[in-house]
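Okay, data.cif now, which holds mmCIF, C-alpha atoms:
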```cif
data_target
loop_
_atom_site.label_atom_id
_atom_site.label_comp_id
_atom_site.auth_asym_id
_atom_site.auth_seq_id
_atom_site.Cartn_x
_atom_site.Cartn_y
_atom_site.Cartn_z
CA MET A 8 -24.62 -19.99 -8.30
CA THR A 9 -24.05 -17.99 -11.45
CA GLU A 10 -26.71 -17.45 -14.03
CA LYS A 11 -25.82 -18.94 -17.36
CA SER A 12 -26.80 -16.98 -20.39
CA ASP A 13 -26.20 -17.86 -24.01
CA HIS A 14 -26.47 -14.34 -25.31
CA ILE A 15 -23.67 -11.80 -24.94
CA PRO A 16 -23.67 -10.71 -21.30
CA ARG A 17 -24.83 -7.16 -20.77
CA HIS A 18 -24.38 -5.91 -17.28
CA ASP A 19 -26.29 -3.15 -15.66
CA THR A 20 -24.47 -0.91 -13.23
CA ARG A 21 -25.76 -2.74 -10.17
CA THR A 22 -24.57 -6.15 -11.34
CA SER A 23 -21.24 -4.66 -12.27
CA ILE A 24 -20.84 -3.06 -8.85
CA LEU A 25 -21.78 -6.24 -7.00
CA SER A 26 -19.45 -8.36 -9.13
CA SER A 27 -16.64 -5.89 -8.53
CA ALA A 28 -17.22 -6.03 -4.78
CA ARG A 29 -17.14 -9.82 -4.93
CA ALA A 30 -13.90 -9.75 -6.95
CA ALA A 31 -12.30 -7.24 -4.58
CA PHE A 32 -13.17 -8.92 -1.30
CA PRO A 33 -10.74 -11.90 -1.38
CA LEU A 34 -7.92 -9.52 -2.37
CA THR A 35 -8.48 -7.55 0.81
CA LEU A 36 -8.44 -10.54 3.19
CA PRO A 37 -4.75 -10.21 4.10
CA ILE A 38 -5.34 -6.49 4.73
CA ALA A 39 -8.36 -7.32 6.89
CA PHE A 40 -6.29 -9.76 8.90
CA ALA A 41 -3.32 -7.46 9.37
CA TRP A 42 -5.26 -4.30 10.04
CA PHE A 43 -7.60 -5.93 12.48
CA PHE A 44 -4.69 -6.30 14.87
CA LEU A 45 -2.94 -3.09 13.90
CA GLY A 46 -6.16 -1.08 14.23
CA LEU A 47 -6.86 -2.84 17.48
CA SER A 48 -3.54 -1.81 18.94
CA TYR A 49 -4.03 1.77 17.74
CA GLY A 50 -7.49 1.81 19.33
CA LEU A 51 -6.08 0.40 22.56
CA LEU A 52 -3.35 3.03 22.56
CA MET A 53 -5.85 5.86 22.05
CA GLU A 54 -8.09 4.45 24.78
CA SER A 55 -5.15 4.16 27.17
CA LYS A 56 -4.26 7.82 26.54
CA GLY A 57 -7.79 8.86 27.41
CA PHE A 58 -9.21 9.79 24.00
CA PRO A 59 -12.95 9.24 23.46
CA HIS A 60 -14.09 6.49 21.07
CA TRP A 61 -15.57 8.78 18.45
CA TYR A 62 -12.29 10.62 18.36
CA THR A 63 -10.33 7.46 17.59
CA ALA A 64 -12.75 6.58 14.81
CA LEU A 65 -12.65 10.12 13.39
CA MET A 66 -8.85 10.11 13.22
CA ALA A 67 -8.81 6.66 11.62
CA THR A 68 -11.34 7.83 9.03
CA VAL A 69 -9.79 11.12 7.97
CA ILE A 70 -6.08 10.32 8.17
CA PHE A 71 -6.25 6.64 7.18
CA ALA A 72 -2.50 6.07 7.37
CA GLY A 73 -1.45 3.65 10.06
CA SER A 74 2.06 4.75 10.96
CA LEU A 75 1.18 8.43 10.99
CA GLU A 76 -1.73 7.85 13.35
CA PHE A 77 0.61 6.32 15.90
CA VAL A 78 2.85 9.38 15.51
CA THR A 79 -0.15 11.68 15.83
CA VAL A 80 -1.10 10.14 19.17
CA ASP A 81 2.22 11.42 20.52
CA LEU A 82 1.73 14.81 18.88
CA LEU A 83 -1.71 15.18 20.41
CA LEU A 84 -0.21 14.61 23.83
CA SER A 85 2.45 17.29 23.35
CA VAL A 86 1.94 20.98 22.60
CA PHE A 87 -0.43 22.56 20.09
CA ASN A 88 1.50 22.92 16.83
CA PRO A 89 -0.48 22.25 13.64
CA LEU A 90 2.47 23.15 11.42
CA LEU A 91 4.53 20.40 13.03
CA ALA A 92 1.67 17.94 12.52
CA PHE A 93 1.43 18.98 8.88
CA LEU A 94 5.19 18.64 8.24
CA MET A 95 5.34 15.37 10.13
CA ALA A 96 2.57 14.01 7.92
CA LEU A 97 4.41 15.17 4.79
CA MET A 98 7.60 13.43 5.85
CA VAL A 99 6.14 10.22 7.23
CA ASN A 100 3.95 9.78 4.16
CA ALA A 101 6.29 11.10 1.45
CA ARG A 102 6.29 7.63 -0.11
CA PHE A 103 2.64 8.16 -1.11
CA LEU A 104 3.93 10.62 -3.72
CA PHE A 105 5.55 7.68 -5.41
CA TYR A 106 2.44 5.56 -5.21
CA GLY A 107 0.57 8.38 -6.93
CA LEU A 108 3.09 8.50 -9.77
CA ALA A 109 2.88 4.73 -10.12
CA MET A 110 -0.93 4.73 -10.14
CA LEU A 111 -1.34 7.83 -12.32
CA THR A 112 -2.35 5.97 -15.46
CA LYS A 113 -4.00 3.02 -13.71
CA TYR A 114 -6.44 5.27 -11.88
CA ARG A 115 -7.26 7.21 -15.07
CA GLY A 116 -10.79 7.12 -16.34
CA THR A 117 -12.32 5.85 -13.12
CA GLY A 118 -14.62 8.88 -12.82
CA PRO A 119 -15.51 10.54 -9.52
CA LYS A 120 -14.39 7.36 -7.70
CA LYS A 121 -10.86 8.44 -8.49
CA TRP A 122 -10.85 11.03 -5.71
CA TYR A 123 -11.71 8.40 -3.17
CA LEU A 124 -9.08 6.02 -4.63
CA ILE A 125 -6.46 8.74 -4.18
CA PHE A 126 -7.68 9.57 -0.68
CA GLY A 127 -7.34 5.89 0.24
CA LEU A 128 -3.87 5.30 -1.21
CA THR A 129 -1.92 3.40 1.46
CA ASP A 130 0.97 0.90 1.32
CA GLU A 131 -1.51 -1.93 1.25
CA THR A 132 -4.14 -0.60 -1.15
CA PHE A 133 -1.29 0.43 -3.45
CA ALA A 134 0.21 -3.07 -3.29
CA VAL A 135 -3.10 -4.75 -4.11
CA ASN A 136 -4.35 -2.28 -6.72
CA SER A 137 -1.08 -1.86 -8.60
CA SER A 138 -0.81 -5.61 -9.09
CA LEU A 139 -4.52 -6.06 -9.77
CA GLU A 140 -5.60 -8.39 -12.52
CA ILE A 141 -9.28 -9.13 -12.95
CA SER A 142 -9.82 -12.83 -13.61
CA GLU A 143 -11.80 -13.81 -16.71
CA ARG A 144 -14.52 -15.23 -14.49
CA ASP A 145 -14.95 -11.94 -12.64
CA ALA A 146 -14.78 -9.95 -15.85
CA ALA A 147 -17.50 -12.17 -17.34
CA ARG A 148 -19.64 -11.41 -14.32
CA GLY A 149 -19.23 -7.73 -15.09
CA ALA A 150 -16.52 -6.70 -12.63
CA SER A 151 -14.93 -3.45 -13.77
CA ARG A 152 -11.47 -2.22 -12.96
CA GLY A 153 -12.55 1.08 -11.45
CA TRP A 154 -15.06 -0.52 -9.12
CA VAL A 155 -12.65 -3.25 -8.01
CA TYR A 156 -10.11 -0.53 -7.14
CA PHE A 157 -12.90 1.24 -5.29
CA PHE A 158 -13.91 -1.77 -3.22
CA VAL A 159 -10.33 -2.73 -2.38
CA THR A 160 -9.94 0.78 -0.97
CA PHE A 161 -13.38 0.92 0.65
CA PHE A 162 -13.16 -2.47 2.38
CA SER A 163 -9.66 -1.64 3.64
CA HIS A 164 -10.82 1.72 4.95
CA GLY A 165 -13.69 -0.03 6.71
CA TYR A 166 -11.42 -2.63 8.34
CA TRP A 167 -9.17 0.11 9.63
CA VAL A 168 -11.90 2.29 11.13
CA LEU A 169 -13.88 -0.60 12.63
CA SER A 170 -10.88 -2.33 14.16
CA SER A 171 -9.65 0.96 15.65
CA LEU A 172 -13.06 1.57 17.14
CA PHE A 173 -13.21 -2.00 18.40
CA GLY A 174 -9.79 -1.67 20.08
CA SER A 175 -10.86 1.58 21.67
CA LEU A 176 -14.11 0.01 22.94
CA ILE A 177 -12.71 -3.20 24.43
CA GLY A 178 -9.86 -1.29 26.05
CA ALA A 179 -8.04 -4.42 27.23
CA SER A 180 -5.64 -6.89 25.71
CA LEU A 181 -6.71 -10.01 23.86
CA PRO A 182 -6.76 -13.39 25.64
CA PHE A 183 -4.14 -14.87 23.25
CA SER A 184 -0.73 -13.75 22.13
CA THR A 185 -0.69 -11.90 18.83
CA ARG A 186 3.05 -11.34 18.93
CA GLY A 187 4.36 -11.38 15.38
CA ILE A 188 0.97 -10.85 13.73
CA ASP A 189 2.22 -7.71 12.01
CA PHE A 190 4.48 -9.95 9.95
CA VAL A 191 1.43 -10.56 7.77
CA LEU A 192 2.15 -7.22 6.08
CA THR A 193 5.72 -8.26 5.26
CA ALA A 194 4.35 -11.57 4.01
CA MET A 195 1.88 -9.71 1.80
CA PHE A 196 4.49 -7.40 0.29
CA VAL A 197 6.90 -10.27 -0.33
CA THR A 198 4.19 -12.43 -1.91
CA ILE A 199 2.98 -9.66 -4.22
CA PHE A 200 6.58 -8.78 -5.12
CA LEU A 201 7.40 -12.41 -5.87
CA ASP A 202 4.22 -12.91 -7.86
CA GLU A 203 4.90 -9.82 -9.97
CA TRP A 204 8.53 -10.87 -10.41
CA LEU A 205 7.43 -14.25 -11.76
CA LYS A 206 4.95 -12.62 -14.12
CA THR A 207 7.37 -10.17 -15.73
CA ARG A 208 10.33 -10.98 -17.92
CA ARG A 209 12.44 -7.93 -17.22
CA HIS A 210 13.51 -7.59 -13.63
CA SER A 211 15.58 -4.42 -13.77
CA SER A 212 13.11 -2.11 -12.01
CA ALA A 213 12.37 -4.66 -9.26
CA ALA A 214 16.11 -5.11 -8.72
CA ILE A 215 16.67 -1.35 -8.67
CA GLY A 216 13.95 -0.96 -6.02
CA VAL A 217 15.43 -3.60 -3.73
CA LEU A 218 19.09 -2.67 -4.18
CA VAL A 219 18.63 1.09 -3.78
CA SER A 220 16.45 0.52 -0.68
CA LEU A 221 18.98 -1.85 0.87
CA GLY A 222 21.86 0.49 0.11
CA CYS A 223 20.07 3.47 1.63
CA LEU A 224 18.96 1.41 4.62
CA LEU A 225 22.60 0.57 5.35
CA VAL A 226 23.76 4.16 4.93
CA PHE A 227 20.90 6.15 6.47
CA GLY A 228 19.41 3.67 8.95
CA PRO A 229 15.83 2.40 9.34
CA ASN A 230 14.22 5.74 10.22
CA ALA A 231 15.58 7.95 7.47
CA PHE A 232 16.17 5.80 4.40
CA LEU A 233 12.89 6.22 2.49
CA ILE A 234 13.48 9.70 1.12
CA PRO A 235 17.06 9.02 -0.06
CA THR A 236 15.77 5.76 -1.57
CA MET A 237 13.09 7.58 -3.54
CA LEU A 238 15.53 10.24 -4.74
CA GLY A 239 18.02 7.53 -5.70
CA MET A 240 15.43 5.56 -7.67
CA LEU A 241 14.29 8.73 -9.39
CA ALA A 242 17.89 9.51 -10.40
CA ILE A 243 18.51 6.00 -11.74
CA PHE A 244 15.26 5.90 -13.70
CA SER A 245 16.00 9.35 -15.13
CA VAL A 246 19.36 8.15 -16.40
CA LEU A 247 17.83 4.94 -17.82
CA TYR A 248 15.09 6.93 -19.52
CA TRP A 249 17.53 9.45 -20.91
CA ARG A 250 19.82 6.73 -22.29
CA ARG A 251 16.89 4.84 -23.73
CA SER A 252 15.45 7.84 -25.52
CA ALA A 253 18.90 8.77 -26.79
CA SER A 254 19.47 5.30 -28.21
CA SER A 255 16.00 5.05 -29.73
CA ALA A 256 16.42 8.46 -31.29
CA SER A 257 19.67 7.37 -32.96
CA SER A 258 18.11 4.10 -34.15
CA ALA A 259 15.16 6.07 -35.48
CA ASN A 260 17.57 8.15 -37.53
CA SER A 261 19.36 5.15 -38.93
CA SER A 262 16.56 2.69 -39.64
CA SER A 263 13.01 2.42 -38.33
CA SER A 264 11.02 5.18 -36.69
CA SER A 265 10.18 3.63 -33.36
CA LYS A 266 8.39 6.18 -31.27
CA ASP A 267 7.43 4.06 -28.34
CA LEU A 268 9.99 4.41 -25.60
CA LEU A 269 8.02 2.34 -23.18
CA SER A 270 7.78 -0.98 -24.97
CA MET B 6 -5.28 15.49 26.96
CA THR B 7 -3.46 18.77 27.43
CA MET B 8 -4.99 20.54 24.42
CA THR B 9 -8.51 21.78 24.09
CA LEU B 10 -10.84 19.80 21.85
CA LEU B 11 -10.67 22.42 19.11
CA GLN B 12 -6.88 22.48 19.24
CA SER B 13 -6.54 18.74 18.97
CA LEU B 14 -9.07 18.61 16.14
CA LEU B 15 -6.98 21.22 14.32
CA MET B 16 -3.91 19.03 14.88
CA ILE B 17 -5.71 16.08 13.32
CA ALA B 18 -6.87 18.25 10.43
CA ALA B 19 -3.29 19.40 9.84
CA ALA B 20 -2.01 15.82 9.86
CA ALA B 21 -4.80 14.79 7.48
CA LEU B 22 -4.00 17.73 5.19
CA GLY B 23 -0.30 16.81 5.09
CA THR B 24 -1.19 13.22 4.24
CA MET B 25 -3.61 14.31 1.53
CA CYS B 26 -0.93 16.51 -0.06
CA THR B 27 1.29 13.47 -0.55
CA ARG B 28 -1.59 11.45 -1.99
CA PHE B 29 -3.18 14.05 -4.27
CA LEU B 30 -0.18 16.00 -5.54
CA PRO B 31 0.81 13.69 -8.44
CA PHE B 32 -2.78 13.53 -9.64
CA LEU B 33 -3.21 17.31 -9.44
CA VAL B 34 0.06 18.00 -11.23
CA PHE B 35 -0.85 15.58 -14.04
CA PRO B 36 -4.64 15.86 -14.52
CA GLU B 37 -6.54 13.60 -16.92
CA ASN B 38 -7.32 16.26 -19.49
CA LYS B 39 -3.68 17.00 -20.18
CA PRO B 40 -1.18 14.64 -21.80
CA VAL B 41 1.24 13.13 -19.30
CA PRO B 42 4.91 13.78 -20.19
CA PRO B 43 6.55 10.61 -21.58
CA PHE B 44 9.04 10.50 -18.70
CA ILE B 45 6.20 10.37 -16.17
CA LEU B 46 4.53 7.61 -18.21
CA TYR B 47 7.82 5.73 -18.13
CA LEU B 48 7.98 6.17 -14.35
CA GLY B 49 4.41 4.89 -14.10
CA LYS B 50 5.58 1.67 -15.73
CA ALA B 51 8.92 1.31 -13.99
CA LEU B 52 7.97 2.41 -10.48
CA PRO B 53 5.32 -0.10 -9.30
CA LEU B 54 7.72 -3.05 -9.10
CA ALA B 55 10.56 -0.90 -7.79
CA VAL B 56 8.31 0.55 -5.09
CA MET B 57 7.09 -2.94 -4.22
CA GLY B 58 10.74 -3.87 -3.68
CA MET B 59 11.10 -0.79 -1.50
CA LEU B 60 8.06 -1.85 0.54
CA VAL B 61 9.60 -5.27 1.13
CA VAL B 62 12.76 -3.66 2.48
CA TYR B 63 10.70 -1.07 4.39
CA SER B 64 8.63 -3.72 6.15
CA LEU B 65 11.82 -5.57 7.17
CA ARG B 66 13.78 -2.43 8.09
CA SER B 67 13.82 -3.01 11.85
CA THR B 68 14.90 -6.65 11.71
CA PRO B 69 17.88 -7.05 14.08
CA VAL B 70 20.43 -8.75 11.82
CA LEU B 71 23.50 -8.01 13.95
CA SER B 72 22.23 -9.51 17.21
CA ALA B 73 20.60 -12.84 18.07
CA PRO B 74 18.60 -14.33 16.41
CA TYR B 75 20.17 -12.52 13.43
CA GLY B 76 16.93 -12.28 11.48
CA ALA B 77 16.54 -16.05 11.46
CA PRO B 78 12.75 -16.09 12.09
CA GLU B 79 12.22 -13.67 9.20
CA LEU B 80 14.55 -15.60 6.91
CA ILE B 81 13.02 -19.00 7.67
CA SER B 82 9.43 -17.74 7.34
CA LEU B 83 10.10 -15.93 4.07
CA ALA B 84 12.00 -18.91 2.64
CA ALA B 85 8.98 -21.09 3.42
CA LEU B 86 6.67 -18.46 1.91
CA VAL B 87 8.70 -18.34 -1.31
CA ALA B 88 8.84 -22.15 -1.56
CA VAL B 89 5.09 -22.47 -1.01
CA HIS B 90 4.36 -19.73 -3.50
CA LEU B 91 6.62 -21.23 -6.18
CA ARG B 92 4.86 -24.56 -5.70
CA TRP B 93 1.20 -23.52 -5.49
CA ARG B 94 1.02 -19.89 -6.62
CA ASN B 95 -1.78 -19.14 -4.20
CA MET B 96 -1.21 -15.71 -2.61
CA LEU B 97 -3.42 -16.22 0.45
CA VAL B 98 -1.90 -19.62 1.25
CA SER B 99 1.64 -18.27 0.85
CA MET B 100 0.95 -15.31 3.14
CA ALA B 101 -0.76 -17.48 5.74
CA VAL B 102 2.12 -19.98 5.81
CA GLY B 103 4.73 -17.22 6.16
CA THR B 104 2.86 -15.38 8.91
CA ILE B 105 1.82 -18.38 10.99
CA LEU B 106 5.32 -19.87 10.80
CA TYR B 107 6.78 -16.53 11.90
CA MET B 108 4.40 -16.24 14.86
CA VAL B 109 5.12 -19.80 15.95
CA LEU B 110 8.87 -19.25 15.61
CA ILE B 111 9.07 -16.04 17.65
CA GLN B 112 6.67 -17.32 20.31
CA THR B 113 8.39 -20.69 20.77
CA VAL B 114 11.80 -21.41 19.20
CA PHE B 115 13.09 -17.82 19.34
CA ALA B 116 11.06 -16.69 22.35
#
```
Write out the structure in this file as structure tokens.
Amino acid sequence: MTEKSDHIPRHDTRTSILSSARAAFPLTLPIAFAWFFLGLSYGLLMESKGFPHWYTALMATVIFAGSLEFVTVDLLLSVFNPLLAFLMALMVNARFLFYGLAMLTKYRGTGPKKWYLIFGLTDETFAVNSSLEISERDAARGASRGWVYFFVTFFSHGYWVLSSLFGSLIGASLPFSTRGIDFVLTAMFVTIFLDEWLKTRRHSSAAIGVLVSLGCLLVFGPNAFLIPTMLGMLAIFSVLYWRRSASSASSANSSSSSKDLLS
Amino acid sequence: MTMTLLQSLLMIAAAALGTMCTRFLPFLVFPENKPVPPFILYLGKALPLAVMGMLVVYSLRSTPVLSAPYGAPELISLAALVAVHLRWRNMLVSMAVGTILYMVLIQTVFA
């Protein structure tokens, strides 16, 4: 299977890329599974509204954001208003702003690939890439962080476009019931959350995320709670940061000069 | 389709542009060649887990907890998922167990 070498492994670019693809693939399996059915239903919807196949594939390729594409189907069937489409996209996908902030340092130094990584930032690629850890075995084979990020995004993008196209082409429902299949996304988020929770010692930010979201969900309802949640988290983290830097500044005056606020 | 082809393509372009704004903005505001303010670095460390928590709530946001079956299929499936994950720590297995159990529950017991 793997070549065994006694000397220090030196990987050329091609080996590194292939190893990264191999490391990324299993991480994308839950996405493949979930998006196959989600993309299928989007393709079926587009087909049922009379859009041509290439059109469905084009929209899946350039927008690459599941929920917005379902919204856009409705917009395309109403009146011509690009400004509305633009604003709708901003609002529906405002959470991506947060993913960008969270991935800012992780996506650093990945070269030109970075632009594609940003283009392909979705709930799912964010979940996988932000919790990414390259196993020693994959690292020994030459897998690199940037390329694994790339392939997680690329494979996911591919699943989405192909399954949308497939749904548009078959244009009829599947012979078995897929009711509840979309729960795989919930299962993925919960599993990643749990796994990260178990790996970290401090749970304050995880708890803040859950509690603020739940609070806002109760107050603002399921369709309008994301933006207040994000503002609320931002406010809480600002206060925590401010208090932390204030306390570390005072301790720096009294005893040691600790500069690192993040540790 | 009520719009012309060009019009609907422009609509898609506008939606894509709006989406790209949300994705690219943080990276354009804080480019690699400039130092990132310490507060943003702090957010970069604190946010991933918090946002993951938000995603969990987001993906469960439409669960009907006030009417039958009171979110029972979700609760049972996720409890099983957590138990399996604590025991075996295999992400794919945990997700598969949670999802399959949920599908079986809503198609049979809670149908």
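Each of B:Ser82, B:Thr9, B:Thr27, B:Asn38 was checked against chain A using all atoms listed in the file; the smallest atom-to-atom distance is that of B:Thr27.
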Margin query: Using all atoms listed in the file for the distances, tell me which of A:Met66, A:Ala31, A:Leu51, A:Ile125 is nearest to B:Leu33.
Written below: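 Using all atoms listed in the file, the shortest distance to B:Leu33 belongs to A:Ile125.
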Item checked: Contact residues (chain A, partner chain B, 7 Å, all atoms listed in the file) as a PyMOL selection string -> chain A and resi 66+69-70+83-84+87-89+92-94+96-97+100-101+103-104+107-112+115+125-126+128+134+137+186-188+190-191+193-198+200+212-213+215-217+220-221+229+269
As a compact mmCIF listing (two decimals) with C-alpha atoms, keeping the file's coordinate frame, please: the residues near A:Thr22 (cut-off 9 Å, only C-alpha atoms, same-chain neighbours under 4 positions excluded).
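This went into around22.txt:
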```
# COMPACT_ATOMS: atom_id res chain seq x y z
CA HIS A 18 -24.38 -5.91 -17.28
CA SER A 26 -19.45 -8.36 -9.13
CA SER A 27 -16.64 -5.89 -8.53
CA ARG A 148 -19.64 -11.41 -14.32
CA GLY A 149 -19.23 -7.73 -15.09
CA ALA A 150 -16.52 -6.70 -12.63
```
Next item on the list: Please evaluate the PyMOL selection byres ((chain A and resi 48) around 9) against the structure above and give the resulting residues as a PyMOL selection string.
Entry: chain A and resi 43-47+49-53+170-171+174-175+180
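Proximity to stretch 130-133 of chain A at 7 Å, evaluated using all atoms listed in the file and with sequence-adjacent residues fewer than 4 positions away removed, yields Ile38, Tyr106, Ser137, Val159 and Thr160 of chain A.
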Next item on the list: Pull the neighbourhood of (-21.1, -2.7, -4.2) for me: all residues within 12 Å in file coordinates, counting all atoms listed in the file, as a list in words.
Entry: Thr20, Arg21, Thr22, Ser23, Ile24, Leu25, Ser26, Ser27, Ala28, Arg29, Ala30, Ala31, Phe32, Ala150, Ser151, Gly153, Trp154, Val155, Tyr156, Phe157, Phe158, Val159, Phe161 and Phe162 of chain A
Next item on the list: Find the distance between atom CA of A:Leu36 and atom CA of A:Pro59 and write it in Å to one decimal.
Entry: 28.7 Å
Check: What separation in Å, quoted to one decimal, exists between atom CA of B:Leu80 and atom CA of A:Ala231?
Finding: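 Distance between the two atoms: 23.6 Å.
The space separating atom CA of B:Ala116 from atom CA of A:Leu224 comes to 26.5 Å.
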Any chance you could work out the axis-aligned box around stretch 34-48 of chain B, listed atoms only, 5 Å on each side, giving centre and edge lengths in Å to one decimal, as AutoDock Vina command-line options?
```
--center_x 0.9 --center_y 11.9 --center_z -16.5 --size_x 26.4 --size_y 22.3 --size_z 20.6
```
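Counting only C-alpha atoms, the residue from A:Phe173, A:Phe40, A:Phe77, A:Tyr123 that sits nearest to A:Lys56 is A:Phe77.
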Checklist line | the PyMOL selection byres ((chain A and resi 64) around 8) resolved against shown file, as a PyMOL selection string | finding: chain A and resi 60-63+65-68+168-169+171-172
Check: Between A:Asn136, A:Leu91, A:Tyr114, A:Glu143, which one has atoms that come closest to A:Ile199, using all atoms listed in the file?
Finding: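 Closest to A:Ile199, using all atoms listed in the file: A:Asn136.
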